[in-house]
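Trainee: A single structure is presented below for examination.
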Amino acid sequence: MGDTCWRIFRSKNVPYSSRFVPYINARAAQGFNFILGAIHTVGDPSINEGGSLWYNDTDLNRLQPGYFQWVDKRVDYMVRSGIVPGLVFVWAQRFKEFYEPPYNRDTFSRFRRYIVARYAAYNVFWILAGEYSEELAPSEYDYHARAIRFGVQNPADGLLDCGDPYGHPLSIHPSSQESCSQHLTLFADWLDYVTQQMYGDPAFLHQKIRADAFTNLPVCNDEFGYEGPTNPSDPYYYFNNQSAAETRRDAWAILCAGGYFTWGNIYTYTGKELLLHLDKLYTAGAQYMRLLGEYVRSSLPFHEMAPKPPCIQSGQAYCLAKEGERYLIYFPNLNVVSFNLQTETGRYRAVWFDPATGATADGGVVWGNQTYQFASPFGYDAVLDLKFLDNPSIDIELLEFRAEQREQGRFIMWRCLIDGQTAGFFVERSESPQRFFHAVAPFIPVDEAVRPGEERQYSCVDSAAVRADELVYRLIRVTLDGSRQPITECSVTNRLEYQKPFLRIEAAPNPAKGGLSFSAVLPQDFQGEAAIYDLKGRLVHLLHGGSFSSGIWRRHWDGKDQFGRRVPAGVYCLVLKGGDRTHHLKFTLLP
């Protein structure tokens, strides 16, 4: 995730650090890791505190050291802040002047050797020039492309041979609506990554990133559009400005094509005329990019994933997959999407991610080799993250776990759906604040004749004389390979009652035709959700999510899914979740 562009104008009576340091600090805190900037651009010489790059801003044979002293500060501060600068050597308009008398190819050769020698020790990306094809014949760029990388006439002049022993990535910045891959006959020998300057809707950008994948190089869209005013009457309006929401959708579409992107805000792009507005660093778009970056860095195996468009059978969505393990599906709008993971076996935990707020919502369980229809639950675009379930979903499989004081001791009971990977259970008890647990009964095996998906009830009695105000019991699941997995806990006092999240939950009528009403007696306030699932663990309809108040909770369900479609007759399950506790109630819907 990057930003464009870091060239900063000098402002009268404003100390340098008050304009530069807050800019880099803000972007670093927001998680940006790349900033694209030019060593020089045409225009006002005060673009740099040290004056213009050239002597009198005209003599391309004479550099001004003061200019580079201030660029040094920028580059050094960015690198120390964890941000990689992408250095554009020179912009296209000035590049052309290197080939007009009294200058020639050697003029630029000296210039780029100086730049490389000055900044090669930093962690930088080299970008030969900006928007090259608008100003110069491709043959001239081809010459310098080879010279800058290999030193065509003198090998000692090449980046890899003398100036840059570290082999930093090298590319070019194309002109608008172009991709460097369109010129790969010229540049295939030396590109380290393919850059684009594309703007349009998510479908267009996704297609362009995927089209350049044939290069087997990383693909980055340098400028997919700037967040900025979309009203033509605004003085900062530009035809490819986008709203924050539009840049968010484009960024996710690029990501799901396996590409990288450099996002920007028009108020922080300080080019020929535009000044840097520090108050625009904390826009909605910057927040959206921060959330995207955190999501990718948290657990997504992005470098191991690739686009998998065949998953999307109808509707507009984009799928990035590590097949058999992780699927990321992006819904750019509210249309209903039909998809099939096209895997033979396995099931996946589905979690919705809100790219605008960072909130998540449970999407139930998705099975391989089945077709599903989903749409964004947020009222705008959404991300559906599917993770392969190595172990069964405890929230869905465990139907009930409770303990209560009886005359013969503490009675512990649990109900669950057998998954085919469970060998049996242990029940453990802790009576100390340090929560040391001990087994209270022998291993309780699962009958080998039980078929996966069948419901079974188990129980045991803890008759040991234990003096403690409160005992904590936990259920341990033992898998077929011998591993042990704590599932849930509950507590019981030696005086009388047990703890459980929901004292009673009922459905009436049951069975029902057309719909039915639910009621539950809730012992306390909690945050959770109530939802209808089918027996395969797929979410059918979310009845309520958020705060629940103690007392009697009631809700009616009309027999329709979350898209307003009537569901077929069959057996369904009401799942009421609160904290780490889950309660289930099966019911039958008649035709």
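A note on labels: chains of the structure tokens are A, B, ... as shown, every chain counts residues from 1, and ligands are counted from 1 in their shown order.
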What's the 12 Å shell around Tyr77 in chain A, counting only C-alpha atoms, without same-chain residues fewer than 3 positions away, as a VMD selection string?
Mentor: chain A and resid 17 20 to 25 28 70 to 74 80 to 85 122 to 123
Trainee: Filtering to N, CA and C atoms, could you give me those residues as an mmCIF file, in the first residue's frame?
Mentor:
```cif
data_model
loop_
_atom_site.group_PDB
_atom_site.id
_atom_site.type_symbol
_atom_site.label_atom_id
_atom_site.label_comp_id
_atom_site.auth_asym_id
_atom_site.auth_seq_id
_atom_site.Cartn_x
_atom_site.Cartn_y
_atom_site.Cartn_z
ATOM 1 N N SER A 17 10.270 21.225 8.934
ATOM 2 C CA SER A 17 9.816 20.042 9.658
ATOM 3 C C SER A 17 8.305 20.052 9.890
ATOM 4 N N PHE A 20 7.002 18.519 6.480
ATOM 5 C CA PHE A 20 7.518 17.239 6.017
ATOM 6 C C PHE A 20 7.330 16.130 7.041
ATOM 7 N N VAL A 21 7.771 16.357 8.251
ATOM 8 C CA VAL A 21 7.728 15.305 9.264
ATOM 9 C C VAL A 21 6.301 14.833 9.561
ATOM 10 N N PRO A 22 5.316 15.739 9.747
ATOM 11 C CA PRO A 22 3.955 15.244 9.987
ATOM 12 C C PRO A 22 3.410 14.403 8.831
ATOM 13 N N TYR A 23 3.801 14.741 7.613
ATOM 14 C CA TYR A 23 3.337 13.987 6.455
ATOM 15 C C TYR A 23 3.825 12.535 6.524
ATOM 16 N N ILE A 24 5.116 12.345 6.727
ATOM 17 C CA ILE A 24 5.673 10.991 6.799
ATOM 18 C C ILE A 24 5.174 10.274 8.046
ATOM 19 N N ASN A 25 5.102 10.979 9.167
ATOM 20 C CA ASN A 25 4.613 10.341 10.396
ATOM 21 C C ASN A 25 3.191 9.808 10.215
ATOM 22 N N ALA A 28 3.202 6.711 7.875
ATOM 23 C CA ALA A 28 3.787 5.553 8.546
ATOM 24 C C ALA A 28 2.818 4.985 9.577
ATOM 25 N N TRP A 70 18.307 18.376 0.826
ATOM 26 C CA TRP A 70 16.943 18.265 1.334
ATOM 27 C C TRP A 70 16.277 16.975 0.875
ATOM 28 N N VAL A 71 16.592 16.499 -0.321
ATOM 29 C CA VAL A 71 16.098 15.190 -0.739
ATOM 30 C C VAL A 71 16.670 14.104 0.168
ATOM 31 N N ASP A 72 17.939 14.259 0.567
ATOM 32 C CA ASP A 72 18.551 13.303 1.498
ATOM 33 C C ASP A 72 17.718 13.174 2.762
ATOM 34 N N LYS A 73 17.260 14.300 3.290
ATOM 35 C CA LYS A 73 16.483 14.273 4.524
ATOM 36 C C LYS A 73 15.171 13.523 4.321
ATOM 37 N N ARG A 74 14.541 13.757 3.190
ATOM 38 C CA ARG A 74 13.287 13.061 2.909
ATOM 39 C C ARG A 74 13.500 11.546 2.832
ATOM 40 N N ARG A 80 13.847 5.381 7.575
ATOM 41 C CA ARG A 80 13.868 5.121 9.020
ATOM 42 C C ARG A 80 12.458 4.962 9.584
ATOM 43 N N SER A 81 11.457 5.458 8.849
ATOM 44 C CA SER A 81 10.067 5.306 9.278
ATOM 45 C C SER A 81 9.427 4.036 8.740
ATOM 46 N N GLY A 82 10.204 3.224 8.019
ATOM 47 C CA GLY A 82 9.675 1.982 7.486
ATOM 48 C C GLY A 82 8.979 2.122 6.149
ATOM 49 N N ILE A 83 9.231 3.217 5.447
ATOM 50 C CA ILE A 83 8.600 3.472 4.151
ATOM 51 C C ILE A 83 9.662 3.425 3.061
ATOM 52 N N VAL A 84 9.368 2.720 1.977
ATOM 53 C CA VAL A 84 10.298 2.622 0.849
ATOM 54 C C VAL A 84 9.986 3.735 -0.147
ATOM 55 N N PRO A 85 10.954 4.604 -0.469
ATOM 56 C CA PRO A 85 10.720 5.607 -1.506
ATOM 57 C C PRO A 85 10.879 4.992 -2.901
ATOM 58 N N TYR A 122 20.340 3.256 0.285
ATOM 59 C CA TYR A 122 19.033 3.270 0.937
ATOM 60 C C TYR A 122 18.145 2.163 0.356
ATOM 61 N N ASN A 123 17.091 1.855 1.071
ATOM 62 C CA ASN A 123 16.106 0.901 0.576
ATOM 63 C C ASN A 123 15.137 1.656 -0.321
#
```
Trainee: Would you pick out the contacts of Leu63 in chain A at 9 Å or less, using only C-alpha atoms, so that residues sharing its chain but fewer than 6 positions from it are not included, and give the list as a PyMOL selection string?
Mentor: chain A and resi 52-55+111
Trainee: Write to file, as a PDB file, in the first residue's frame, the residues of the selection just made, with N, CA and C atoms.
Mentor:
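File selection_31.pdb, as written:
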```pdb
ATOM      1  N   SER A  52      16.245  24.890  -6.848  1.00  0.00           N
ATOM      2  CA  SER A  52      16.009  24.021  -7.987  1.00  0.00           C
ATOM      3  C   SER A  52      17.118  22.983  -8.109  1.00  0.00           C
ATOM      4  N   LEU A  53      16.817  21.923  -8.836  1.00  0.00           N
ATOM      5  CA  LEU A  53      17.786  20.854  -9.047  1.00  0.00           C
ATOM      6  C   LEU A  53      18.983  21.336  -9.856  1.00  0.00           C
ATOM      7  N   TRP A  54      18.718  22.157 -10.861  1.00  0.00           N
ATOM      8  CA  TRP A  54      19.757  22.591 -11.782  1.00  0.00           C
ATOM      9  C   TRP A  54      20.197  24.028 -11.468  1.00  0.00           C
ATOM     10  N   TYR A  55      21.392  24.316 -11.835  1.00  0.00           N
ATOM     11  CA  TYR A  55      21.892  25.673 -11.705  1.00  0.00           C
ATOM     12  C   TYR A  55      21.037  26.592 -12.576  1.00  0.00           C
ATOM     13  N   PHE A 111      23.944  12.158 -15.119  1.00  0.00           N
ATOM     14  CA  PHE A 111      22.917  12.492 -14.124  1.00  0.00           C
ATOM     15  C   PHE A 111      22.450  11.251 -13.358  1.00  0.00           C
TER      16      PHE A 111
END
```
Trainee: Using only C-alpha atoms, pick whichever of A:Gly346, A:Pro445, A:Gly364, A:Pro165 has the shortest atom-to-atom distance to Tyr533 in chain A.
Mentor: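 Smallest separation from Tyr533 in chain A among the options: A:Gly364.
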Trainee: Rounded to one decimal place, report the CA of Glu470 in chain A-CA of Val492 in chain A distance in Å.
Mentor: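 Here the two named atoms are 5.7 Å from each other.
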Trainee: With only C-alpha atoms as the atoms that count, which of A:Glu489, A:Glu431, A:Asp222, A:Asp381 lies nearest to Glu400 in chain A?
Mentor: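 Smallest separation from Glu400 in chain A among the options: A:Glu489.
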Trainee: Find the residues around range 413-425 of chain A up to 9 Å (only C-alpha atoms counted), leave out those fewer than 2 positions away in its own chain, and share them as a ChimeraX atom specification.
Mentor: /A:391-392,396-404,411,427,442-448,450-461,475-482,484
Trainee: Write a file of the just-selected residues containing N, CA and C atoms, as a tab-separated table (two decimals), in the first residue's frame.
Mentor:
```tsv
chain	number	residue	atom	x	y	z
A	391	ASN	N	-10.29	-28.53	11.92
A	391	ASN	CA	-11.08	-29.16	12.96
A	391	ASN	C	-12.52	-28.69	12.83
A	392	PRO	N	-13.47	-29.42	13.35
A	392	PRO	CA	-14.86	-28.99	13.22
A	392	PRO	C	-15.10	-27.67	13.93
A	396	ILE	N	-20.69	-24.44	16.02
A	396	ILE	CA	-21.81	-25.11	15.37
A	396	ILE	C	-22.00	-26.52	15.90
A	397	GLU	N	-20.91	-27.23	16.18
A	397	GLU	CA	-21.01	-28.64	16.55
A	397	GLU	C	-21.48	-28.85	18.00
A	398	LEU	N	-21.05	-28.01	18.92
A	398	LEU	CA	-21.46	-28.17	20.30
A	398	LEU	C	-22.83	-27.53	20.50
A	399	LEU	N	-23.82	-28.33	20.82
A	399	LEU	CA	-25.18	-27.83	20.96
A	399	LEU	C	-25.50	-27.39	22.37
A	400	GLU	N	-24.90	-28.04	23.38
A	400	GLU	CA	-25.21	-27.69	24.76
A	400	GLU	C	-24.14	-28.26	25.67
A	401	PHE	N	-23.81	-27.53	26.72
A	401	PHE	CA	-22.89	-28.00	27.77
A	401	PHE	C	-23.31	-27.35	29.08
A	402	ARG	N	-23.66	-28.18	30.07
A	402	ARG	CA	-24.12	-27.63	31.33
A	402	ARG	C	-23.72	-28.54	32.48
A	403	ALA	N	-23.71	-27.94	33.66
A	403	ALA	CA	-23.39	-28.68	34.89
A	403	ALA	C	-24.32	-28.18	35.99
A	404	GLU	N	-24.74	-29.09	36.88
A	404	GLU	CA	-25.62	-28.69	37.97
A	404	GLU	C	-25.38	-29.58	39.19
A	411	PHE	N	-23.58	-33.04	38.15
A	411	PHE	CA	-23.98	-33.72	36.91
A	411	PHE	C	-23.57	-32.84	35.73
A	427	VAL	N	-13.81	-34.72	30.63
A	427	VAL	CA	-14.32	-33.59	31.39
A	427	VAL	C	-13.33	-33.31	32.50
A	442	PRO	N	-13.32	-41.06	33.52
A	442	PRO	CA	-12.53	-41.71	32.47
A	442	PRO	C	-12.89	-41.16	31.09
A	443	PHE	N	-12.06	-41.49	30.14
A	443	PHE	CA	-12.28	-41.09	28.76
A	443	PHE	C	-13.64	-41.61	28.27
A	444	ILE	N	-14.40	-40.74	27.63
A	444	ILE	CA	-15.73	-41.09	27.12
A	444	ILE	C	-15.63	-41.18	25.61
A	445	PRO	N	-15.65	-42.40	25.03
A	445	PRO	CA	-15.44	-42.55	23.59
A	445	PRO	C	-16.71	-42.29	22.80
A	446	VAL	N	-16.51	-41.99	21.54
A	446	VAL	CA	-17.61	-41.87	20.59
A	446	VAL	C	-17.84	-43.23	19.95
A	447	ASP	N	-19.06	-43.65	19.88
A	447	ASP	CA	-19.41	-44.93	19.28
A	447	ASP	C	-18.99	-44.93	17.81
A	448	GLU	N	-18.23	-45.95	17.40
A	448	GLU	CA	-17.75	-46.01	16.03
A	448	GLU	C	-18.89	-46.10	15.02
A	450	VAL	N	-21.55	-44.31	15.01
A	450	VAL	CA	-22.20	-43.01	14.81
A	450	VAL	C	-21.72	-42.41	13.49
A	451	ARG	N	-22.67	-41.93	12.70
A	451	ARG	CA	-22.33	-41.31	11.42
A	451	ARG	C	-22.08	-39.82	11.60
A	452	PRO	N	-21.14	-39.24	10.84
A	452	PRO	CA	-20.90	-37.79	10.93
A	452	PRO	C	-22.18	-37.00	10.69
A	453	GLY	N	-22.41	-36.00	11.53
A	453	GLY	CA	-23.58	-35.16	11.43
A	453	GLY	C	-24.70	-35.56	12.37
A	454	GLU	N	-24.62	-36.77	12.98
A	454	GLU	CA	-25.65	-37.20	13.90
A	454	GLU	C	-25.47	-36.52	15.26
A	455	GLU	N	-26.58	-36.27	15.92
A	455	GLU	CA	-26.55	-35.65	17.24
A	455	GLU	C	-26.45	-36.74	18.31
A	456	ARG	N	-25.60	-36.51	19.32
A	456	ARG	CA	-25.45	-37.44	20.44
A	456	ARG	C	-25.35	-36.65	21.74
A	457	GLN	N	-25.83	-37.27	22.82
A	457	GLN	CA	-25.77	-36.66	24.15
A	457	GLN	C	-24.89	-37.53	25.04
A	458	TYR	N	-24.06	-36.87	25.86
A	458	TYR	CA	-23.15	-37.55	26.77
A	458	TYR	C	-23.26	-36.91	28.15
A	459	SER	N	-22.86	-37.66	29.18
A	459	SER	CA	-22.91	-37.12	30.54
A	459	SER	C	-21.94	-37.89	31.43
A	460	CYS	N	-21.62	-37.29	32.55
A	460	CYS	CA	-20.84	-37.95	33.59
A	460	CYS	C	-21.16	-37.27	34.91
A	461	VAL	N	-20.75	-37.88	36.02
A	461	VAL	CA	-21.01	-37.35	37.37
A	461	VAL	C	-19.69	-37.18	38.09
A	475	LEU	N	-14.85	-28.97	28.85
A	475	LEU	CA	-14.99	-30.14	27.99
A	475	LEU	C	-13.79	-30.19	27.05
A	476	ILE	N	-13.14	-31.35	26.99
A	476	ILE	CA	-11.97	-31.55	26.13
A	476	ILE	C	-12.35	-32.52	25.02
A	477	ARG	N	-12.16	-32.08	23.79
A	477	ARG	CA	-12.39	-32.95	22.63
A	477	ARG	C	-11.08	-33.62	22.25
A	478	VAL	N	-11.10	-34.94	22.06
A	478	VAL	CA	-9.93	-35.70	21.65
A	478	VAL	C	-10.15	-36.15	20.20
A	479	THR	N	-9.24	-35.79	19.32
A	479	THR	CA	-9.38	-36.13	17.90
A	479	THR	C	-8.80	-37.51	17.63
A	480	LEU	N	-9.02	-38.01	16.43
A	480	LEU	CA	-8.56	-39.34	16.06
A	480	LEU	C	-7.03	-39.45	16.08
A	481	ASP	N	-6.34	-38.32	15.88
A	481	ASP	CA	-4.88	-38.38	15.91
A	481	ASP	C	-4.31	-38.18	17.31
A	482	GLY	N	-5.20	-38.09	18.31
A	482	GLY	CA	-4.76	-38.02	19.70
A	482	GLY	C	-4.62	-36.63	20.27
A	484	ARG	N	-5.67	-32.97	21.79
A	484	ARG	CA	-6.73	-32.55	22.71
A	484	ARG	C	-7.05	-31.08	22.48
```
Trainee: Any idea what's packed within 7 Å of Ala253 in chain A, counting only C-alpha atoms, ignoring anything in its chain fewer than 3 positions away? Could you give it as a short mmCIF file (atom, residue, chain, number, x, y, z; two decimals) with N, CA, C and O atoms, in the first residue's frame?
Mentor:
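Everything below was put into out_25.cif:
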```
data_model
loop_
_atom_site.label_atom_id
_atom_site.label_comp_id
_atom_site.auth_asym_id
_atom_site.auth_seq_id
_atom_site.Cartn_x
_atom_site.Cartn_y
_atom_site.Cartn_z
N PRO A 202 -13.85 -1.08 -11.04
CA PRO A 202 -13.13 -2.25 -10.51
C PRO A 202 -12.94 -3.35 -11.55
O PRO A 202 -11.88 -4.00 -11.58
N HIS A 206 -9.27 -4.80 -12.49
CA HIS A 206 -9.01 -6.21 -12.22
C HIS A 206 -8.56 -6.93 -13.49
O HIS A 206 -7.59 -7.71 -13.46
N ARG A 249 -13.09 0.49 -3.49
CA ARG A 249 -13.50 -0.62 -4.35
C ARG A 249 -12.41 -0.98 -5.35
O ARG A 249 -12.14 -2.15 -5.61
N ASP A 250 -11.77 0.04 -5.92
CA ASP A 250 -10.70 -0.24 -6.88
C ASP A 250 -9.54 -0.97 -6.22
O ASP A 250 -8.96 -1.89 -6.79
N CYS A 256 -7.45 -8.41 -5.37
CA CYS A 256 -7.98 -9.74 -5.72
C CYS A 256 -7.54 -10.20 -7.09
O CYS A 256 -7.79 -11.36 -7.46
N ALA A 257 -6.90 -9.34 -7.87
CA ALA A 257 -6.27 -9.76 -9.11
C ALA A 257 -4.83 -10.18 -8.89
O ALA A 257 -4.14 -10.56 -9.83
N TYR A 318 -14.84 -10.99 -7.26
CA TYR A 318 -13.48 -11.36 -7.62
C TYR A 318 -12.93 -12.27 -6.53
O TYR A 318 -13.07 -11.98 -5.34
#
```
Trainee: So what do you get for CA of Leu191 in chain A versus CA of Pro169 in chain A, distance-wise?
Mentor: 7.9 Å
Trainee: Rank A:Thr588, A:Ser171, A:Ser338, A:Asn369 by their smallest atom-to-atom distance to Val88 in chain A, using only C-alpha atoms, and report the top residue only.
Mentor: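 Looking only at the distances to Val88 in chain A, the closest residue turns out to be A:Ser171.
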Trainee: Do a neighbour search on range 540-543 of chain A at 9 Å with only C-alpha atoms, toss out local chain neighbours closer than 5 positions, and write the hits as a count of residues only.
Mentor: 17
